[in-house]
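As stored in input01.txt (compact mmCIF, C-alpha atoms):
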```
# COMPACT_ATOMS: atom_id res chain seq x y z
CA MET A 1 125.37 33.16 6.70
CA PHE A 2 124.45 29.49 6.81
CA LEU A 3 122.33 29.96 9.96
CA ASP A 4 120.45 32.86 8.40
CA ASN A 5 119.46 30.70 5.44
CA LEU A 6 118.46 27.86 7.76
CA PHE A 7 116.10 30.06 9.79
CA VAL A 8 114.61 31.58 6.65
CA SER A 9 113.95 28.08 5.23
CA MET A 10 112.29 27.02 8.48
CA ALA A 11 110.12 30.13 8.45
CA TYR A 12 108.90 29.37 4.91
CA ALA A 13 108.22 25.75 5.84
CA GLN A 14 106.21 26.88 8.86
CA ASP A 15 104.07 29.18 6.74
CA ALA A 16 103.34 26.37 4.29
CA THR A 17 102.11 23.99 7.00
CA GLU A 18 99.91 26.64 8.58
CA THR A 19 98.30 27.31 5.21
CA ILE A 20 97.54 23.61 4.73
CA ALA A 21 96.09 23.28 8.25
CA GLU A 22 93.88 26.32 7.79
CA ALA A 23 92.44 24.90 4.59
CA GLN A 24 90.92 21.85 6.40
CA PRO A 25 87.49 22.19 7.99
CA ILE A 26 87.48 21.83 11.78
CA TRP A 27 85.11 18.84 11.75
CA LEU A 28 87.51 16.94 9.52
CA SER A 29 90.31 17.27 12.03
CA MET A 30 87.97 16.09 14.82
CA LEU A 31 86.65 13.12 12.83
CA PRO A 32 89.19 10.59 14.22
CA PHE A 33 88.24 11.50 17.80
CA ILE A 34 84.55 11.14 17.01
CA LEU A 35 85.13 7.73 15.42
CA ILE A 36 87.23 6.55 18.37
CA PHE A 37 84.50 7.63 20.81
CA ALA A 38 81.82 5.85 18.73
CA VAL A 39 83.81 2.60 18.69
CA PHE A 40 84.52 2.93 22.42
CA TYR A 41 80.81 3.49 23.11
CA PHE A 42 79.63 0.43 21.20
CA LEU A 43 82.38 -1.91 22.41
CA VAL A 44 82.66 -0.86 26.08
CA ILE A 45 80.00 1.49 27.44
CA ARG A 46 76.84 0.01 25.90
CA PRO A 47 77.52 -3.64 26.85
CA GLN A 48 78.40 -2.59 30.40
CA GLN A 49 75.11 -0.69 30.71
CA LYS A 50 73.19 -3.75 29.49
CA ARG A 51 74.95 -5.95 32.07
CA LEU A 52 74.09 -3.50 34.85
CA VAL A 53 70.41 -3.43 33.85
CA GLU A 54 70.27 -7.25 33.75
CA GLN A 55 71.99 -7.50 37.16
CA ASP A 56 69.52 -5.01 38.63
CA LYS A 57 66.56 -7.04 37.27
CA LEU A 58 68.06 -10.21 38.78
CA ILE A 59 68.57 -8.60 42.19
CA ARG A 60 65.00 -7.26 42.26
CA SER A 61 63.48 -10.59 41.15
CA VAL A 62 64.90 -12.85 43.88
CA LYS A 63 62.50 -14.28 46.44
CA PRO A 64 62.71 -16.59 49.44
CA GLY A 65 63.68 -20.12 48.41
CA ASP A 66 65.93 -19.06 45.52
CA ARG A 67 69.42 -20.54 45.52
CA VAL A 68 71.95 -17.78 44.87
CA ILE A 69 75.66 -17.29 44.39
CA LEU A 70 77.05 -14.30 46.27
CA SER A 71 79.83 -12.02 45.08
CA GLY A 72 82.31 -13.74 47.42
CA GLY A 73 81.58 -17.13 45.83
CA ILE A 74 79.33 -18.32 48.65
CA HIS A 75 76.36 -20.46 47.63
CA GLY A 76 73.19 -20.34 49.69
CA LYS A 77 69.41 -20.19 49.84
CA ILE A 78 67.46 -17.02 50.48
CA ILE A 79 65.45 -17.26 53.69
CA LYS A 80 64.11 -13.76 54.19
CA ILE A 81 64.15 -10.44 52.29
CA ASP A 82 64.04 -7.08 54.08
CA GLU A 83 62.77 -4.61 51.47
CA THR A 84 63.20 -1.52 53.63
CA ALA A 85 66.90 -2.09 54.37
CA ALA A 86 67.65 -3.81 51.03
CA GLN A 87 69.09 -6.77 52.90
CA VAL A 88 68.67 -10.49 52.46
CA THR A 89 69.08 -13.34 54.94
CA VAL A 90 70.85 -16.27 53.27
CA GLU A 91 71.28 -19.77 54.67
CA ILE A 92 74.73 -21.00 53.66
CA ALA A 93 74.68 -24.23 55.69
CA SER A 94 72.05 -25.91 57.80
CA GLY A 95 71.42 -23.59 60.72
CA VAL A 96 73.94 -20.97 59.50
CA GLU A 97 72.32 -17.76 58.27
CA ILE A 98 74.03 -14.57 57.20
CA LEU A 99 72.64 -11.11 56.53
CA ILE A 100 73.89 -9.53 53.30
CA ASP A 101 73.12 -6.53 51.11
CA ARG A 102 71.04 -7.30 48.06
CA GLU A 103 73.84 -5.96 45.84
CA ALA A 104 76.06 -8.89 46.92
CA ILE A 105 73.92 -11.33 44.90
CA LEU A 106 75.88 -12.29 41.82
CA SER A 107 73.58 -14.78 40.13
CA LEU A 108 70.91 -17.42 40.64
CA GLU A 109 71.97 -21.04 40.99
CA ASN A 110 68.56 -22.28 39.86
CA LYS A 111 65.01 -21.08 40.19
CA SER A 112 63.19 -21.27 43.53
CA GLU A 113 62.49 -24.54 45.21
CA SER A 114 58.90 -24.70 46.38
CA LYS A 115 58.40 -25.23 50.12
```
Could you rewrite the structure in this file as structure tokens?
Amino acid sequence: MFLDNLFVSMAYAQDATETIAEAQPIWLSMLPFILIFAVFYFLVIRPQQKRLVEQDKLIRSVKPGDRVILSGGIHGKIIKIDETAAQVTVEIASGVEILIDREAILSLENKSESK
């Protein structure tokens, strides 16, 4: 007898919650997800895209004579740029030159030194 009343009470409670949920518009239930995505976009995605665009401009603007810092922390001076292979020859010590991909350039140390 007690269990029958318990199941009946649960059935009535379930009907009440379904009625409340059906009364809300679908967009209202999705509003928190939309707000979370908007915050995520403005705090994470957009700044990252700006950084990538700036890094791409930097990589394309280097020229021989520029002092650069590579992604491994190596400092050097650009000697030669191979546009077809997207590679750069960098002098890291006197007489020591290495060939790297352009994408390995992290930042400029200072603007080019005129030869």
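Minimum atom-to-atom distances from A:Ile45, A:Ile105, A:Leu52, A:Val39 to A:Ile78 were compared using all atoms listed in the file, and the lowest value belongs to A:Ile105.
Atom CA of A:Ala93 to atom CA of A:Asp56 spans 26.2 Å [interatomic distance, one decimal].
Counting all atoms listed in the file and comparing A:Ala86, A:Leu31, A:Ile74, A:Leu99, the residue that lies closest to A:Ile59 is A:Ala86.
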> Rounded to one decimal in Å, what is the spacing between atom CA of A:Glu109 and atom CA of A:Asp66?
Replying inline: 7.8 Å
Axis-aligned box for stretch 27-40 of chain A, 3 Å per side, centre and edges in Å as lines of an AutoDock Vina configuration file:
```
center_x = 86.1
center_y = 10.7
center_z = 16.0
size_x = 14.5
size_y = 22.2
size_z = 18.9
```
> Any idea what the distance is between atom CA of A:Lys63 and atom CA of A:Gln49?
Replying inline: 24.3 Å
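Taking all atoms listed in the file into account, the protein, DNA and RNA residues within 9 Å of (67.0, -18.0, 49.6) read Val62, Lys63, Pro64, Gly65, Asp66, Arg67, Val68, Gly76, Lys77, Ile78, Ile79, Lys80, Ile81, Val88, Thr89, Val90, Glu91 and Ser112 of chain A.
With all atoms listed in the file as the basis for measurement, A:Gln55 is the residue among A:Thr84, A:Ser61, A:Ser29, A:Gln55 that approaches A:Ala104 most closely.
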>> Excluding A:Ile69 and its own-chain neighbours fewer than 4 positions away, which residues fall within 6 Å of it when counting all atoms listed in the file? Please give them as a VMD selection string.
In response: chain A and resid 74 to 75 106 to 107
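You can rank A:Pro25, A:Asp82, A:Ile98, A:Leu35 by their closest distance to A:Arg60 using all atoms listed in the file, and at the top of that list sits A:Asp82.
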